[in-house]
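Novice: Here you go, this is run-v8.csv (CSV, C-alpha atoms and all ligand atoms).
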chain,number,residue,atom,x,y,z
A,1,MET,CA,247.2,46.8,171.1
A,2,ASN,CA,247.6,47.0,174.9
A,3,LYS,CA,250.9,46.0,176.4
A,4,THR,CA,250.4,44.0,179.5
A,5,GLY,CA,252.7,45.9,181.8
A,6,ARG,CA,251.3,45.6,185.4
A,7,LYS,CA,252.4,49.0,186.7
A,8,LYS,CA,250.1,50.6,189.1
A,9,SER,CA,248.6,53.8,187.7
A,10,PHE,CA,247.2,56.9,189.4
A,11,ARG,CA,244.2,58.8,188.2
A,12,LEU,CA,243.4,62.3,189.2
A,13,PRO,CA,239.8,63.5,189.5
A,14,GLU,CA,238.8,66.2,187.0
A,15,TRP,CA,238.7,69.0,189.6
A,16,THR,CA,242.3,68.4,190.8
A,17,PRO,CA,244.5,71.5,190.7
A,18,ASP,CA,247.1,71.4,188.0
A,19,GLN,CA,250.2,70.9,190.1
A,20,ALA,CA,248.6,68.8,192.8
A,21,GLY,CA,250.6,65.7,192.4
A,22,LYS,CA,249.4,62.3,193.6
A,23,ALA,CA,247.8,63.6,196.9
A,24,PHE,CA,244.5,63.8,195.1
A,25,ALA,CA,244.9,60.6,193.1
A,26,SER,CA,243.1,57.4,193.3
A,27,ARG,CA,245.2,54.4,192.7
A,28,ILE,CA,244.2,52.1,189.9
A,29,VAL,CA,245.4,48.6,190.3
A,30,SER,CA,245.4,46.9,187.0
A,31,GLY,CA,243.0,44.1,186.7
A,32,LYS,CA,240.4,42.9,184.2
A,33,THR,CA,238.4,46.1,184.2
A,34,ALA,CA,241.3,48.5,184.8
A,35,ASP,CA,241.8,51.3,182.4
A,36,LYS,CA,245.4,50.8,181.3
A,37,ARG,CA,245.5,53.8,179.1
A,38,LYS,CA,247.8,56.6,180.1
A,39,LYS,CA,246.2,60.0,180.8
A,40,THR,CA,247.4,61.3,177.5
A,41,ASP,CA,245.7,58.5,175.7
A,42,LEU,CA,242.5,59.4,177.4
A,43,HIS,CA,242.8,62.9,176.2
A,44,LYS,CA,243.3,61.8,172.7
A,45,SER,CA,240.6,59.2,172.5
A,46,PRO,CA,238.1,60.4,170.0
A,47,ALA,CA,235.5,57.8,171.0
A,48,ALA,CA,235.3,58.5,174.7
A,49,LYS,CA,232.3,60.6,175.6
A,50,THR,CA,233.4,62.4,178.8
A,51,PRO,CA,234.4,66.0,178.5
A,52,VAL,CA,237.9,64.9,179.6
A,53,SER,CA,238.5,63.2,176.3
A,54,TYR,CA,239.1,66.1,174.0
A,55,ASN,CA,241.8,67.0,171.7
A,56,LEU,CA,241.6,70.7,170.8
A,57,ASP,CA,242.7,70.3,167.2
A,58,ASP,CA,240.2,67.5,166.6
A,59,LEU,CA,237.5,69.6,168.3
A,60,MET,CA,238.3,72.6,166.2
A,61,LYS,CA,238.3,70.6,162.9
A,62,GLY,CA,235.0,69.0,163.8
A,63,VAL,CA,233.4,72.3,164.7
A,64,LEU,CA,234.7,73.9,161.5
A,65,ALA,CA,233.4,71.0,159.5
A,66,ASN,CA,230.0,71.4,161.3
A,67,ASP,CA,230.0,68.0,162.7
A,68,ARG,CA,227.1,68.5,165.2
A,69,THR,CA,228.3,65.8,167.6
A,70,VAL,CA,231.7,67.5,167.8
A,71,LEU,CA,230.1,70.9,168.2
A,72,SER,CA,228.0,69.6,171.1
A,73,LYS,CA,231.1,68.1,172.6
A,74,ALA,CA,233.0,71.4,172.2
A,75,ILE,CA,230.1,73.3,173.9
A,76,THR,CA,230.2,70.8,176.7
A,77,LEU,CA,233.8,71.7,177.2
A,78,LEU,CA,233.0,75.4,177.1
A,79,GLU,CA,230.2,74.9,179.7
A,80,SER,CA,232.3,72.8,182.0
A,81,ASN,CA,232.8,74.2,185.5
A,82,ALA,CA,235.8,72.0,186.2
A,83,PRO,CA,238.8,74.2,186.9
A,84,LYS,CA,240.9,71.9,184.7
A,85,HIS,CA,238.8,72.7,181.7
A,86,PHE,CA,239.1,76.5,182.0
A,87,LEU,CA,242.3,76.9,180.0
A,88,PRO,CA,241.6,74.3,177.3
A,89,ALA,CA,238.1,75.9,176.9
A,90,GLN,CA,239.6,79.3,176.5
A,91,GLU,CA,242.2,78.1,174.1
A,92,LEU,CA,239.4,76.5,172.0
A,93,VAL,CA,237.5,79.8,172.0
A,94,LYS,CA,240.6,81.6,170.9
A,95,LYS,CA,241.1,79.1,168.1
A,96,LEU,CA,237.5,79.5,166.9
A,97,LEU,CA,237.3,83.2,167.2
A,98,PRO,CA,238.8,84.0,163.8
A,99,TYR,CA,236.0,81.9,162.2
A,100,SER,CA,233.2,83.5,164.2
A,101,GLY,CA,231.2,86.6,163.8
A,102,ASN,CA,229.6,85.9,160.5
A,103,SER,CA,226.0,85.8,161.7
A,104,VAL,CA,223.0,87.8,162.8
A,105,ARG,CA,222.5,87.3,166.6
A,106,ILE,CA,218.9,87.7,167.5
A,107,GLY,CA,217.6,87.8,171.1
A,108,VAL,CA,214.0,86.8,171.7
A,109,THR,CA,212.3,87.7,175.0
A,110,GLY,CA,208.8,87.8,176.4
A,111,VAL,CA,206.8,86.6,179.3
A,112,PRO,CA,206.4,82.9,180.0
A,113,GLY,CA,204.0,81.5,177.4
A,114,ALA,CA,204.2,84.4,175.0
A,115,GLY,CA,205.2,81.9,172.4
A,116,LYS,CA,208.9,82.4,172.1
A,117,SER,CA,209.8,78.8,171.4
A,118,THR,CA,207.0,78.4,168.9
A,119,PHE,CA,208.0,81.7,167.2
A,120,ILE,CA,211.7,80.6,167.1
A,121,GLU,CA,210.7,77.3,165.6
A,122,ALA,CA,208.5,79.0,162.9
A,123,LEU,CA,211.2,81.5,162.0
A,124,GLY,CA,213.9,78.9,162.1
A,125,LEU,CA,212.0,76.6,159.7
A,126,LEU,CA,211.4,79.5,157.4
A,127,LEU,CA,215.0,80.4,157.4
A,128,ILE,CA,216.2,76.9,156.8
A,129,ARG,CA,213.9,76.8,153.7
A,130,GLN,CA,215.8,79.9,152.6
A,131,ASN,CA,219.2,78.1,153.0
A,132,HIS,CA,220.2,79.6,156.3
A,133,LYS,CA,221.8,77.6,159.1
A,134,VAL,CA,220.1,78.3,162.4
A,135,ALA,CA,221.3,77.8,165.9
A,136,VAL,CA,219.0,78.2,168.9
A,137,LEU,CA,220.4,78.8,172.3
A,138,ALA,CA,218.7,79.7,175.6
A,139,ILE,CA,219.4,81.7,178.7
A,140,ASP,CA,217.1,80.6,181.4
A,141,PRO,CA,217.4,82.8,184.5
A,142,SER,CA,215.1,80.4,186.3
A,143,SER,CA,217.4,77.4,185.8
A,144,SER,CA,219.5,78.1,188.8
A,145,ILE,CA,216.4,78.2,191.0
A,146,SER,CA,214.2,75.5,189.5
A,147,LYS,CA,216.9,73.5,187.7
A,148,GLY,CA,214.5,73.7,184.8
A,149,SER,CA,215.4,74.7,181.3
A,150,ILE,CA,213.4,76.7,178.8
A,151,LEU,CA,214.2,74.3,176.1
A,152,GLY,CA,214.3,71.3,178.3
A,153,ASP,CA,211.0,69.5,178.7
A,154,LYS,CA,208.4,72.0,177.7
A,155,THR,CA,209.2,72.7,174.1
A,156,ARG,CA,211.7,70.7,172.2
A,157,MET,CA,211.1,72.5,168.9
A,158,GLU,CA,210.9,69.0,167.4
A,159,ASN,CA,210.3,70.0,163.8
A,160,LEU,CA,213.3,72.4,163.8
A,161,ALA,CA,215.5,70.0,165.7
A,162,ARG,CA,214.9,67.4,163.0
A,163,MET,CA,216.4,69.7,160.3
A,164,GLU,CA,219.9,69.1,159.2
A,165,ASN,CA,220.8,72.8,159.2
A,166,SER,CA,219.6,73.5,162.7
A,167,PHE,CA,221.4,73.2,166.0
A,168,ILE,CA,219.5,73.5,169.3
A,169,ARG,CA,221.2,73.8,172.6
A,170,PRO,CA,219.3,74.1,175.8
A,171,SER,CA,220.3,76.4,178.5
A,172,PRO,CA,223.2,75.3,180.7
A,173,ALA,CA,221.2,73.8,183.5
A,174,SER,CA,222.9,75.4,186.5
A,175,GLY,CA,224.7,78.4,187.7
A,176,ILE,CA,224.1,82.1,188.2
A,177,LEU,CA,222.9,84.2,185.3
A,178,GLY,CA,226.3,85.7,184.8
A,179,GLY,CA,227.9,82.3,184.5
A,180,VAL,CA,225.2,81.0,182.2
A,181,ALA,CA,225.6,84.1,180.1
A,182,ARG,CA,229.3,83.7,179.7
A,183,LYS,CA,228.8,80.2,178.5
A,184,THR,CA,226.2,81.3,176.0
A,185,ARG,CA,228.5,84.0,174.6
A,186,GLU,CA,231.1,81.3,174.0
A,187,THR,CA,228.6,78.9,172.5
A,188,ILE,CA,227.6,81.6,170.0
A,189,ILE,CA,231.3,81.8,168.9
A,190,ALA,CA,231.4,78.0,168.5
A,191,CYS,CA,228.1,77.9,166.5
A,192,GLU,CA,229.3,80.7,164.2
A,193,ALA,CA,232.5,78.9,163.6
A,194,ALA,CA,230.4,75.9,162.6
A,195,GLY,CA,228.8,78.0,160.0
A,196,TYR,CA,225.4,78.9,161.6
A,197,ASP,CA,224.5,82.3,160.2
A,198,VAL,CA,221.5,83.0,162.3
A,199,ILE,CA,221.8,82.6,166.1
A,200,LEU,CA,218.5,82.9,168.0
A,201,VAL,CA,218.8,83.3,171.8
A,202,GLU,CA,215.6,82.7,173.8
A,203,THR,CA,215.2,84.1,177.3
A,204,VAL,CA,212.2,84.5,179.6
A,205,GLY,CA,211.4,88.1,180.4
A,206,VAL,CA,212.2,88.1,184.1
A,207,GLY,CA,214.8,89.8,186.1
A,208,GLN,CA,218.1,90.7,184.6
A,209,SER,CA,217.9,88.3,181.7
A,210,GLU,CA,216.7,90.7,179.1
A,211,ILE,CA,219.6,93.1,179.8
A,212,THR,CA,222.1,90.2,179.7
A,213,VAL,CA,220.8,88.9,176.4
A,214,ARG,CA,220.6,92.4,174.9
A,215,SER,CA,224.4,92.7,175.7
A,216,MET,CA,225.2,89.8,173.4
A,217,VAL,CA,223.0,90.1,170.4
A,218,ASP,CA,222.7,92.4,167.4
A,219,PHE,CA,218.9,92.5,167.3
A,220,PHE,CA,216.5,92.3,170.2
A,221,LEU,CA,213.0,91.2,169.7
A,222,LEU,CA,210.3,91.5,172.3
A,223,LEU,CA,207.4,89.1,171.9
A,224,GLN,CA,204.2,90.2,173.5
A,225,ILE,CA,200.6,88.9,173.8
A,226,THR,CA,197.4,90.7,174.4
A,227,GLY,CA,195.0,90.1,177.3
A,228,ALA,CA,197.7,89.1,179.7
A,229,GLY,CA,197.7,92.6,181.2
A,230,ASP,CA,201.4,92.8,180.5
A,231,GLU,CA,201.3,95.3,177.6
A,232,LEU,CA,202.2,98.2,179.8
A,233,GLN,CA,204.4,96.2,182.2
A,234,ASP,CA,207.2,96.0,179.6
A,235,ILE,CA,207.1,99.8,179.2
A,236,LYS,CA,207.3,100.3,182.9
A,237,LYS,CA,210.2,97.9,183.3
A,238,GLY,CA,212.0,99.6,180.5
A,239,VAL,CA,212.2,96.5,178.4
A,240,ILE,CA,210.5,98.1,175.4
A,241,GLU,CA,213.4,100.5,175.3
A,242,LEU,CA,215.8,97.6,174.8
A,243,ALA,CA,213.8,96.2,171.9
A,244,ASP,CA,214.5,96.7,168.2
A,245,LEU,CA,211.2,95.2,167.3
A,246,ILE,CA,208.0,94.5,169.2
A,247,VAL,CA,205.9,91.6,168.0
A,248,ILE,CA,202.4,90.9,169.2
A,249,ASN,CA,202.2,87.1,168.8
A,250,LYS,CA,199.1,84.9,168.6
A,251,ALA,CA,197.5,87.2,166.1
A,252,ASP,CA,195.1,84.4,164.9
A,253,GLY,CA,191.5,83.4,165.3
A,254,ASP,CA,189.5,85.4,167.7
A,255,ASN,CA,192.6,87.1,168.9
A,256,LEU,CA,193.5,88.8,165.6
A,257,GLN,CA,191.6,92.0,166.2
A,258,LYS,CA,192.9,92.4,169.7
A,259,ALA,CA,196.4,91.9,168.6
A,260,GLU,CA,196.0,94.5,165.8
A,261,ALA,CA,194.6,97.0,168.3
A,262,ALA,CA,197.5,96.4,170.7
A,263,LYS,CA,200.0,96.9,167.9
A,264,ALA,CA,198.4,100.2,167.0
A,265,GLU,CA,198.5,101.3,170.6
A,266,ILE,CA,202.1,100.5,171.0
A,267,ASN,CA,203.0,102.1,167.8
A,268,GLN,CA,201.5,105.3,169.2
A,269,ILE,CA,203.7,105.1,172.3
A,270,LEU,CA,206.9,104.2,170.6
A,271,PRO,CA,207.7,107.6,169.1
A,272,TYR,CA,207.9,109.0,172.6
A,273,LEU,CA,210.6,106.5,173.7
A,274,GLN,CA,214.2,106.7,172.9
A,275,PRO,CA,215.2,103.9,170.5
A,276,LEU,CA,218.3,102.0,171.6
A,277,THR,CA,219.8,101.6,168.2
A,278,GLU,CA,220.9,104.8,166.4
A,279,GLY,CA,219.4,105.2,163.0
A,280,TRP,CA,216.6,102.7,163.7
A,281,LYS,CA,213.0,103.2,164.6
A,282,THR,CA,211.5,100.5,166.8
A,283,VAL,CA,208.0,99.5,165.6
A,284,ALA,CA,205.4,97.0,166.6
A,285,LEU,CA,204.1,94.2,164.3
A,286,THR,CA,201.7,91.3,164.8
A,287,CYS,CA,202.4,87.7,164.0
A,288,SER,CA,201.2,84.2,164.6
A,289,ALA,CA,203.9,81.7,165.3
A,290,LEU,CA,201.2,79.1,165.0
A,291,THR,CA,199.9,79.9,161.5
A,292,GLY,CA,203.1,81.5,160.2
A,293,TYR,CA,201.3,84.9,159.6
A,294,ASN,CA,203.9,87.7,159.2
A,295,ILE,CA,206.9,85.6,160.1
A,296,GLN,CA,208.5,86.5,156.7
A,297,LEU,CA,207.7,90.2,157.3
A,298,ILE,CA,209.6,90.0,160.6
A,299,TRP,CA,212.6,88.4,158.9
A,300,ASP,CA,212.5,91.2,156.3
A,301,LYS,CA,212.4,93.8,159.1
A,302,ILE,CA,215.5,92.1,160.7
A,303,ASN,CA,217.3,92.2,157.4
A,304,GLU,CA,216.4,95.9,157.0
A,305,PHE,CA,217.9,96.5,160.4
A,306,VAL,CA,221.1,94.6,159.6
A,307,ARG,CA,221.4,96.6,156.3
A,308,ILE,CA,220.9,100.0,158.0
A,309,THR,CA,223.2,99.3,160.9
A,310,LYS,CA,225.9,97.8,158.8
A,311,ASN,CA,225.7,100.9,156.6
A,312,ASN,CA,225.9,103.4,159.4
A,313,GLY,CA,228.6,101.4,161.3
A,314,ILE,CA,226.5,100.7,164.3
A,315,PHE,CA,226.5,96.9,163.8
A,316,PRO,CA,230.3,96.4,164.1
A,317,GLN,CA,230.6,99.1,166.7
A,318,ARG,CA,228.0,97.5,168.9
A,319,ARG,CA,229.8,94.2,168.7
A,320,LYS,CA,233.1,95.8,169.7
A,321,GLN,CA,231.4,97.6,172.6
A,322,GLN,CA,229.8,94.4,173.7
A,323,GLN,CA,233.2,92.7,173.9
A,324,LEU,CA,234.5,95.5,176.1
A,325,GLU,CA,231.4,95.5,178.3
A,326,TRP,CA,231.9,91.7,178.6
A,327,LEU,CA,235.5,92.4,179.9
A,328,ASP,CA,234.1,94.7,182.5
A,329,THR,CA,231.5,92.3,183.6
A,330,LEU,CA,234.1,89.5,183.9
A,331,LEU,CA,236.4,91.7,185.9
A,332,LYS,CA,233.6,92.6,188.3
A,333,GLU,CA,232.6,89.0,188.7
A,334,GLU,CA,236.2,87.8,189.1
A,335,LEU,CA,237.0,90.5,191.7
A,336,HIS,CA,233.8,89.6,193.6
A,337,ASN,CA,234.7,85.9,193.6
A,338,LEU,CA,238.3,86.6,194.6
A,339,PHE,CA,237.1,88.8,197.4
A,340,PHE,CA,234.8,86.2,198.9
A,341,SER,CA,237.0,83.2,198.3
A,342,ASN,CA,239.4,84.7,200.9
A,343,SER,CA,238.6,83.1,204.2
A,344,VAL,CA,239.8,86.0,206.4
A,345,ILE,CA,237.5,88.3,204.4
A,346,ASN,CA,234.6,85.9,204.8
A,347,GLN,CA,235.0,85.7,208.6
A,348,ASN,CA,235.3,89.5,208.9
A,349,TYR,CA,232.4,90.0,206.5
A,350,GLU,CA,230.1,88.1,208.9
A,351,ALA,CA,231.4,90.1,211.9
A,352,TYR,CA,230.9,93.4,210.1
A,353,LYS,CA,227.4,92.4,209.2
A,354,GLN,CA,226.6,91.9,212.9
A,355,LYS,CA,228.3,95.3,213.7
A,356,ILE,CA,226.2,97.0,211.2
A,357,LEU,CA,223.0,95.5,212.6
A,358,ALA,CA,224.1,96.4,216.1
A,359,GLY,CA,224.6,100.0,215.0
A,360,GLU,CA,228.3,99.9,215.8
A,361,THR,CA,229.4,100.8,212.3
A,362,THR,CA,227.9,101.9,209.0
A,363,PRO,CA,227.9,99.9,205.7
A,364,VAL,CA,230.2,102.5,204.1
A,365,LEU,CA,232.8,102.2,206.9
A,366,ALA,CA,232.5,98.4,206.9
A,367,ALA,CA,233.0,98.2,203.1
A,368,ALA,CA,236.1,100.5,203.4
A,369,ASP,CA,237.5,98.3,206.2
A,370,LEU,CA,236.9,95.1,204.4
A,371,ILE,CA,238.6,96.4,201.3
A,372,GLU,CA,241.5,97.7,203.3
A,373,LEU,CA,241.8,94.2,204.9
A,374,PHE,CA,241.7,92.6,201.4
A,375,ILE,CA,244.5,94.8,200.3
A,376,GLU,CA,246.5,93.8,203.4
A,377,GLN,CA,245.9,90.2,202.5
A,378,GLY,CA,247.7,90.8,199.3
A,379,PHE,CA,244.6,89.9,197.2
A,380,SER,CA,245.3,86.2,198.0
A,381,LYS,CA,246.2,84.2,195.0
A,382,HIS,CA,243.1,83.1,193.0
A,383,LYS,CA,242.9,79.7,191.4
A,384,LYS,CA,241.6,80.0,187.8
A,385,VAL,CA,238.1,78.7,187.5
A,401,LIG,N1,197.0,80.6,169.2
A,401,LIG,C1,198.4,80.7,169.2
A,401,LIG,N2,199.0,80.0,170.2
A,401,LIG,C2,200.4,80.1,170.2
A,401,LIG,C3,201.1,80.9,169.3
A,401,LIG,N3,202.4,80.8,169.6
A,401,LIG,C4,202.5,80.0,170.7
A,401,LIG,N4,201.3,79.5,171.1
A,401,LIG,C5,201.0,78.6,172.1
A,401,LIG,O1,201.3,79.3,173.4
A,401,LIG,C6,201.8,78.3,174.3
A,401,LIG,C7,203.2,78.7,174.8
A,401,LIG,O2,204.1,78.7,173.7
A,401,LIG,P1,205.7,78.6,173.9
A,401,LIG,O3,206.3,78.7,172.5
A,401,LIG,O4,206.0,77.4,174.7
A,401,LIG,O5,205.9,79.9,174.8
A,401,LIG,P2,207.3,80.4,175.4
A,401,LIG,O6,207.2,81.9,175.4
A,401,LIG,O7,208.4,79.7,174.8
A,401,LIG,O8,207.1,79.9,176.9
A,401,LIG,P3,208.2,79.7,178.0
A,401,LIG,O9,209.4,79.1,177.3
A,401,LIG,O10,207.6,78.8,179.0
A,401,LIG,O11,208.5,81.1,178.5
A,401,LIG,C8,201.8,76.9,173.5
A,401,LIG,O12,200.7,76.2,173.9
A,401,LIG,C9,201.8,77.4,172.1
A,401,LIG,O13,201.2,76.4,171.3
A,401,LIG,C10,200.4,81.6,168.3
A,401,LIG,O14,200.9,82.3,167.4
A,401,LIG,N5,199.0,81.5,168.3
A,402,MG,MG,210.0,78.6,175.5
Represent the structure from my file as structure tokens, please.

Specialist:
Amino acid sequence: MNKTGRKKSFRLPEWTPDQAGKAFASRIVSGKTADKRKKTDLHKSPAAKTPVSYNLDDLMKGVLANDRTVLSKAITLLESNAPKHFLPAQELVKKLLPYSGNSVRIGVTGVPGAGKSTFIEALGLLLIRQNHKVAVLAIDPSSSISKGSILGDKTRMENLARMENSFIRPSPASGILGGVARKTRETIIACEAAGYDVILVETVGVGQSEITVRSMVDFFLLLQITGAGDELQDIKKGVIELADLIVINKADGDNLQKAEAAKAEINQILPYLQPLTEGWKTVALTCSALTGYNIQLIWDKINEFVRITKNNGIFPQRRKQQQLEWLDTLLKEELHNLFFSNSVINQNYEAYKQKILAGETTPVLAAADLIELFIEQGFSKHKKV
């Protein structure tokens, strides 16, 4: 029951710095539609839908009980860019961490249209029939440019989405690849804590995204198609060397023979390449995501990989290494942000660019000067994002 006290209340926007006081506040004058709840009530309210309304213990309990609505809400908190959500989100990750890790993390990459989503759906459905719980996430390097999303409009994986033991989360719709990737890593932790034992991460094979996904999964699967003239492209780009398995998809109908021939060709090349995972030989297989041909064989292959790498210790070792690499990546990003969030640096950066173009200094000297200046500035205090 609401008391009818008529005190004026203040409400701070989500992005307000923590100690900012009322300078940022809007004044809420109580009236018929005024929200009379105190800020703490807003935080506790389980019914409210905005990401502000969380209670970490409730979120954690809901995630551990695999309540998909709560899981979605938890991920929304993890994905939030609001500075205010940074610490609660990290606290949630810390709480969930002890319950995470019990899964196989599989990255699926390939050119646009290779059939990644169709393949993931076919594999996901097969796994659910075998009592697995499957989470599908996406890293969409194009999302920052086109605002699109791999799992947005084009393919909704409708059959898989309908399954009780599946959880599908589209790519966070904005941000640079590094930021999107950070969120995906944390989403993986949340999904594992919710009991998903197979995590599939889809990414389009362009730019840096393959390397980013490779750095957060146990097993990396490259999906190829014949006739697109791309067969050798992946070898040139070095993507094949990141893969633990190469799958020629669309091995059906008239395309079956061509797919088999491509498989044989790649299998001839593979022995000359250095496999990424110690103790494992990368091979090529064919499949049809449409008809289901060889999907079980691919899952068997993944299981064989897990068995071998758990036996030789590579599996846990890679996960530890990935954690440490993640630390380095974050440090690089944070330092970069810190550097360019300093206004003096920014002004001088522009000036130095002009000097370089005018031949008055060299990039090496300019970089040294700017860093010197940054040190003089005392690394200006950085607000946590
Ligand atoms: N014949 C045949 N068609 C397939 C197969 N797998 C996928 N397709 C078709 O290929 C097209 C692209 O499939 P998607 O699964 O959306 O491909 P994708 O790699 O996820 O595409 P992007 O997300 O845009 O990069 C769709 O029309 C699918 O129906 C297959 O095994 N055989
Ligand atoms: Mg897709």

Novice: A:Thr184, A:Gln317, A:Thr109, A:Thr329: which is nearest ligand LIG 401 (chain A), counting all atoms listed in the file?

Specialist: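 Between A:Thr184, A:Gln317, A:Thr109, A:Thr329, the residue approaching ligand LIG 401 (chain A) most closely is A:Thr109.
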
Novice: Please measure the separation of CA of Thr282 in chain A and CA of Asp244 in chain A, giving the value in Å to one decimal.

Specialist: 5.0 Å

Novice: Select the residues contacting ligand LIG 401 (chain A) at a distance of at most 7 Å, based on all atoms listed in the file, then format the selection as a PyMOL selection string.

Specialist: chain A and resi 110-119+150-151+154-155+204+249-252+287-291

Novice: Which value, in Å to one decimal, gives the distance between CA of Lys95 in chain A and CA of Ile139 in chain A?

Specialist: 24.3 Å

Novice: To one decimal place, how far is CA of Leu338 in chain A from CA of Ile188 in chain A in Å?

Specialist: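 CA of Ile188 in chain A lies 27.3 Å from CA of Leu338 in chain A.
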
Novice: Between A:Leu78, A:Leu335, A:Leu97, A:Ile246, which residue has the minimum interatomic distance to Leu64 in chain A, considering only C-alpha atoms?

Specialist: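 Looking at the shortest contact to Leu64 in chain A, the residue is A:Leu97.
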
Novice: Tell me which of A:Leu324, A:Leu160, A:Ile308, A:Val201 sits closest to ligand MG 402 (chain A), counting all atoms listed in the file.

Specialist: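 Using all atoms listed in the file, ligand MG 402 (chain A) sits closest to A:Val201.
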
Novice: Is there a way to get, as a list of chain:residue names, all residues within 10 Å of the point (240.2, 92.9, 199.9) in file coordinates, counting all atoms listed in the file?

Specialist: A:Leu335, A:His336, A:Leu338, A:Phe339, A:Phe340, A:Asn342, A:Val344, A:Ile345, A:Ala367, A:Ala368, A:Asp369, A:Leu370, A:Ile371, A:Glu372, A:Leu373, A:Phe374, A:Ile375, A:Glu376, A:Gln377, A:Gly378, A:Phe379, A:Ser380

Novice: Of the candidates A:Leu87, A:Ile314, A:Val108, A:Ala284, which shows the shortest atom-to-atom distance to ligand MG 402 (chain A), using all atoms listed in the file?

Specialist: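 Distance minimum relative to ligand MG 402 (chain A) lands on A:Val108.
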
Novice: Using only C-alpha atoms and all ligand atoms, find the one residue out of A:Ala262, A:Leu137, A:Leu285, A:Met216 that sits nearest to ligand MG 402 (chain A).

Specialist: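 Among the listed residues, A:Leu137 lies closest to ligand MG 402 (chain A).
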
Novice: Give me the residues near Ala264 in chain A as a list in words, where near means some atom within 12 Å (using all atoms listed in the file) and where sequence neighbours in that chain fewer than 4 positions away do not count.

Specialist: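 Residues meeting the cut-off are Ile246, Val247, Ile248, Gln257, Lys258, Ala259, Glu260, Gln268, Ile269, Leu270, Val283, Ala284, Leu285 and Thr286 of chain A.
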
Novice: Please write the residues from the selection above to a file, keeping C-alpha atoms, as an mmCIF file, keeping the file's coordinate frame.

Specialist:
data_model
loop_
_atom_site.group_PDB
_atom_site.id
_atom_site.type_symbol
_atom_site.label_atom_id
_atom_site.label_comp_id
_atom_site.auth_asym_id
_atom_site.auth_seq_id
_atom_site.Cartn_x
_atom_site.Cartn_y
_atom_site.Cartn_z
ATOM 1 C CA ILE A 246 208.000 94.500 169.200
ATOM 2 C CA VAL A 247 205.900 91.600 168.000
ATOM 3 C CA ILE A 248 202.400 90.900 169.200
ATOM 4 C CA GLN A 257 191.600 92.000 166.200
ATOM 5 C CA LYS A 258 192.900 92.400 169.700
ATOM 6 C CA ALA A 259 196.400 91.900 168.600
ATOM 7 C CA GLU A 260 196.000 94.500 165.800
ATOM 8 C CA GLN A 268 201.500 105.300 169.200
ATOM 9 C CA ILE A 269 203.700 105.100 172.300
ATOM 10 C CA LEU A 270 206.900 104.200 170.600
ATOM 11 C CA VAL A 283 208.000 99.500 165.600
ATOM 12 C CA ALA A 284 205.400 97.000 166.600
ATOM 13 C CA LEU A 285 204.100 94.200 164.300
ATOM 14 C CA THR A 286 201.700 91.300 164.800
#

Novice: List the neighbours of range 91-93 of chain A out to 12 Å using all atoms listed in the file; skip same-chain residues closer than 2 positions along the sequence, and give me the result as a PyMOL selection string.

Specialist: chain A and resi 54-64+71+73-79+85-89+95-100+182-183+185-193
